[in-house]
There are 2 protein chains.
Amino acid sequence: MRLSMNERIWTAALAVIGDEILSGRTQDKNVAQLASWLNVQGIRLAEVRIVPDKTEAIVEAVNILRARNDYLFTTGGIGPTHDDITVDAIAAALGVGVVYHPEALAVLDAYYATRGGLTEPRKRMARVPDGAGLIENRMSGAPGIHVENIYVMAGVPHITAGMLDALTGTLEGGRPVVAGTIGCWVAESEIADLLGATERAFPGVSIGSYPFFRDGRTGANFVVRATDAVLVDTCLAELNARLEALGHAVVAGGI
Amino acid sequence: MRLSMNERIWTAALAVIGDEILSGRTQDKNVAQLASWLNVQGIRLAEVRIVPDKTEAIVEAVNILRARNDYLFTTGGIGPTHDDITVDAIAAALGVGVVYHPEALAVLDAYYATRGGLTEPRKRMARVPDGAGLIENRMSGAPGIHVENIYVMAGVPHITAGMLDALTGTLEGGRPVVAGTIGCWVAESEIADLLGATERAFPGVSIGSYPFFRDGRTGANFVVRATDAVLVDTCLAELNARLEALGHAVVAGGI
C-alpha cells in the first residue's frame, strides 16, 4: 500500500496463540475478522504470527510485534485450563507480575453465581498482568485484557467478535482503506502488464490481482485500495476502460 | 507437545505472503491444509507468519524461519502480476540471483500452447532463485519452487493442494503425531484441574481443551496428542474414566 505524503498510518499486529491452529484441527477465523474490524477503525493489520502454546514463543512474538506496531492483539489461551498460558506469557514479556483483577473477579463471581460458583480454576480467568485493564466480554464470563498497547482476546471467534465490538471506537486510527473491486473472465497473465501500468499511473493506490478457477473457466478479481475514495473510483474507472479496450468484459463489484 | 527422550522432531514453518489475507478480503485456508499434510509426513508445523507483499517483510520472515526449522513453506505471490514478488524476495533472502528455469519455461510453453502462447508476463512464472528446482503443479501451469529447505507454493488453495500432493513422501520426517478426541457437555472451568492432572500423569502427551457453545449449552472437546498411539489410547481411556467418575457423560470422538 502506497500512501499520500505525511499521512500517519496506524498499524496493528496479531499473535494467534494456539496449538489447535498449528495442528490443523481448527481453522482460524480471527485473522480475517480482526483485519476487517481494524480497517473500520482506520488501522491496518500489518503482520500476523501464529505461535504454539509455549511461553518462549509467545514472549518472542509479543515483544517484537508490540514494539513495531501501534497495537498488538492476541487471540487464544485465556481460558481456565492448563494449556491457557497467554496471561503469564504476556506478563513475562512485559517483565511484570500476575495479579487478580478485582473487577474481573466481580464479573466472574456474578457470571458463575448461577453456574456452580466461582471455583479456583474459574478464578484463574481473573488473572491479569499487573497494571492491566479489562475488555468487556459480552458473550460469556471471562473478560479480555488491555495492557500497554496489547489487547488480549479470546480464541473462540464469536467471543472475540464481542470483545472487538466492545472496543469499537476506542482506538485511535487514521483514515480507513477504501477498496473497490472489478472482475474479468480473463487469465491474469493476459493483463499483467496493464495492471502494473495502471497501478503506476495512480500513486497512492495499490491494485491486487486475485485469480480463481470456476466452472472450468479462469477469471480474476482486481481490488483497488487507497485511503482516498475518489482516487479509488478514478482508478477503477480507468482500469475498467483499459480492460474493455482490450475486449474484456468487466463485472462491476467483482465475480 | 512433550516428547519421548531422544526423539528427533522435524519442524516446518509457513510464511503466508499476501495483502489479501491481511486486509481480510481472503480467508486463509493454507495454514490448516499444510498443517494436516505435514503431520502425515511426520513433520510439525511449528510457527506461521502472515506477511504483506513487501520485499523486506518477506526477507525477514524467510531468513529467520528457514534457519530455525527443518523446512520452510511459503504460499502466495508466485503469479504473473506486479504484486507477485515472492521469487525475487526469496532470492534476495538467499543472496542469489533470479534466473529462468528451463524446465519451467518448457512446462509453461506446453501449458499455454493452446491458451494464447507464452507471453512475457507468463514467462515471469518461470523465474526462480538461482539453483532452485521445481514442484509439479498438477492443477494449472506455473510450477512451485524448491530451493534449499524452502518450498514455494501457490496461494490458491486447490493449487497448493496439488503441489503438496506432488511433494508427498519426498520429505524426511519423524513419527506423526497421533490425536484422539473425546467431548463432554461441561464448562472446561469445571474440569480444569482434572485435565491438568491427567496430562501430568502421562509424560509425552499433551491435552488440548477446546470449549464451544452450541444450542445454548457449554461443552468442550479434549484432544490428546502424542507420537505413541498406545499412549494416546491409554491417556484417553484414563481421561474418560476420570470425567465419568465426576458424573460427566463422555462422547467418544468429540462433540
# chains A, B, ... in the order shown; residues from 1 in each chain; ligands from 1
call {"tool": "residues_around", "arguments": {"residues": "Gly155 (chain B)", "least_positions_apart": "5", "cutoff": "9 Å", "atoms": "only C-alpha atoms", "output": "list in words"}}
result
Val16, Ile17, Gly18, Asp28, Asn30, Thr74, Thr75, Gly76, Gly77, Ile78 and Thr160 of chain B
call {"tool": "interface_residues", "arguments": {"of": "chain B", "to": "chain A", "cutoff": "9 Å", "atoms": "only C-alpha atoms", "output": "PyMOL selection string"}}
result
chain B and resi 1+19-29+31-37+39+44-53+57+79-83+116+119-122+156+188-193+195-197+199+206-212
call {"tool": "residues_around", "arguments": {"residues": "region 147-154 of chain B", "least_positions_apart": "5", "cutoff": "10 Å", "atoms": "only C-alpha atoms", "output": "VMD selection string"}}
result
chain B and resid 12 to 17 30 62 65 to 67 69 to 79 86 to 87 90 to 91 94 128 to 137 142 159 to 164 167
call {"tool": "atom_distance", "arguments": {"atom1": "CA of Arg138 (chain A)", "atom2": "CA of Thr170 (chain A)"}}
result
16.2 Å
call {"tool": "select_by_dssp", "arguments": {"residues": "region 29-251 of chain A", "states": "strand (DSSP E)", "output": "PyMOL selection string"}}
result
chain A and resi 43-51+71-75+98-100+127-129+133-135+144-147+150-153+178-184+206-214+217-226+250-251
call {"tool": "atom_distance", "arguments": {"atom1": "CA of Glu172 (chain A)", "atom2": "CA of Ile145 (chain A)"}}
result
17.7 Å
call {"tool": "select_by_dssp", "arguments": {"residues": "region 51-98 of chain A", "states": "alpha helix (DSSP H)", "output": "NGL selection string"}}
result
:A and (55-68 or 86-94)
call {"tool": "write_last_selection", "arguments": {"atoms": "C-alpha atoms", "output": "mmCIF file, in the first residue's frame"}}
result
data_model
loop_
_atom_site.group_PDB
_atom_site.id
_atom_site.type_symbol
_atom_site.label_atom_id
_atom_site.label_comp_id
_atom_site.auth_asym_id
_atom_site.auth_seq_id
_atom_site.Cartn_x
_atom_site.Cartn_y
_atom_site.Cartn_z
ATOM 1 C CA THR A 55 5.854 -19.330 26.811
ATOM 2 C CA GLU A 56 9.092 -18.538 24.973
ATOM 3 C CA ALA A 57 7.358 -18.485 21.572
ATOM 4 C CA ILE A 58 4.650 -16.124 22.860
ATOM 5 C CA VAL A 59 7.167 -13.844 24.589
ATOM 6 C CA GLU A 60 9.268 -13.541 21.431
ATOM 7 C CA ALA A 61 6.286 -12.695 19.258
ATOM 8 C CA VAL A 62 4.748 -10.275 21.752
ATOM 9 C CA ASN A 63 7.913 -8.299 22.287
ATOM 10 C CA ILE A 64 8.761 -7.737 18.651
ATOM 11 C CA LEU A 65 5.195 -7.147 17.492
ATOM 12 C CA ARG A 66 4.239 -4.685 20.228
ATOM 13 C CA ALA A 67 7.426 -2.693 19.639
ATOM 14 C CA ARG A 68 6.951 -2.137 15.939
ATOM 15 C CA THR A 86 -1.278 -16.346 27.472
ATOM 16 C CA VAL A 87 -1.611 -14.129 30.573
ATOM 17 C CA ASP A 88 1.561 -15.475 32.178
ATOM 18 C CA ALA A 89 3.481 -15.236 28.913
ATOM 19 C CA ILE A 90 2.454 -11.623 28.315
ATOM 20 C CA ALA A 91 3.336 -10.696 31.896
ATOM 21 C CA ALA A 92 6.727 -12.334 31.324
ATOM 22 C CA ALA A 93 7.168 -10.371 28.085
ATOM 23 C CA LEU A 94 6.391 -7.124 29.925
#
call {"tool": "atom_distance", "arguments": {"atom1": "CA of Thr227 (chain A)", "atom2": "CA of Gly169 (chain A)"}}
result
18.4 Å
call {"tool": "closest_residue", "arguments": {"among": "A:Val107, A:Leu236, A:Val205, A:Val99", "to": "Arg127 (chain A)", "atoms": "only C-alpha atoms"}}
result
A:Val99
call {"tool": "closest_residue", "arguments": {"among": "A:Ala113, A:Val232, A:Val186, A:Met139", "to": "Glu244 (chain A)", "atoms": "only C-alpha atoms"}}
result
A:Val186
call {"tool": "closest_residue", "arguments": {"among": "A:Gly97, A:Gly216, A:Pro203, A:Gly42", "to": "Thr234 (chain A)", "atoms": "only C-alpha atoms"}}
result
A:Pro203
call {"tool": "residues_around", "arguments": {"residues": "Leu108 (chain A)", "least_positions_apart": "3", "cutoff": "7 Å", "atoms": "only C-alpha atoms", "output": "compact mmCIF listing (two decimals) with all heavy atoms, in the first residue's frame"}}
result
# COMPACT_ATOMS: atom_id res chain seq x y z
N ALA A 104 -12.50 -8.07 37.47
CA ALA A 104 -12.67 -9.35 36.78
C ALA A 104 -13.21 -10.40 37.74
O ALA A 104 -14.09 -11.20 37.38
CB ALA A 104 -11.34 -9.81 36.18
N LEU A 105 -12.72 -10.39 38.97
CA LEU A 105 -13.25 -11.31 39.98
C LEU A 105 -14.75 -11.07 40.19
O LEU A 105 -15.53 -12.02 40.28
CB LEU A 105 -12.50 -11.15 41.31
CG LEU A 105 -11.13 -11.83 41.41
CD1 LEU A 105 -10.43 -11.43 42.70
CD2 LEU A 105 -11.26 -13.36 41.32
N TYR A 111 -21.13 -13.91 37.03
CA TYR A 111 -21.42 -14.82 35.92
C TYR A 111 -21.64 -16.25 36.41
O TYR A 111 -22.53 -16.96 35.94
CB TYR A 111 -20.28 -14.76 34.90
CG TYR A 111 -20.51 -15.63 33.68
CD1 TYR A 111 -21.34 -15.20 32.65
CD2 TYR A 111 -19.91 -16.88 33.57
CE1 TYR A 111 -21.55 -15.99 31.53
CE2 TYR A 111 -20.12 -17.68 32.45
CZ TYR A 111 -20.94 -17.22 31.44
OH TYR A 111 -21.15 -18.00 30.33
N TYR A 112 -20.81 -16.67 37.39
CA TYR A 112 -20.89 -18.06 37.84
C TYR A 112 -21.84 -18.25 39.03
O TYR A 112 -21.99 -19.38 39.52
CB TYR A 112 -19.49 -18.59 38.17
CG TYR A 112 -18.69 -18.87 36.91
CD1 TYR A 112 -17.57 -18.11 36.58
CD2 TYR A 112 -19.08 -19.89 36.04
CE1 TYR A 112 -16.85 -18.36 35.42
CE2 TYR A 112 -18.38 -20.15 34.88
CZ TYR A 112 -17.26 -19.38 34.58
OH TYR A 112 -16.56 -19.63 33.42
N LEU A 118 -17.84 -19.54 41.84
CA LEU A 118 -16.50 -19.15 41.38
C LEU A 118 -15.44 -20.04 42.01
O LEU A 118 -14.89 -19.74 43.07
CB LEU A 118 -16.26 -17.66 41.73
CG LEU A 118 -14.97 -17.03 41.23
CD1 LEU A 118 -14.84 -17.18 39.72
CD2 LEU A 118 -14.92 -15.55 41.61
N GLY A 141 -18.27 -15.33 30.40
CA GLY A 141 -17.81 -14.73 31.64
C GLY A 141 -16.49 -13.97 31.57
O GLY A 141 -16.40 -12.80 31.93
N ALA A 142 -15.45 -14.66 31.12
CA ALA A 142 -14.09 -14.14 31.30
C ALA A 142 -13.82 -12.93 30.40
O ALA A 142 -13.95 -13.01 29.19
CB ALA A 142 -13.09 -15.24 30.98
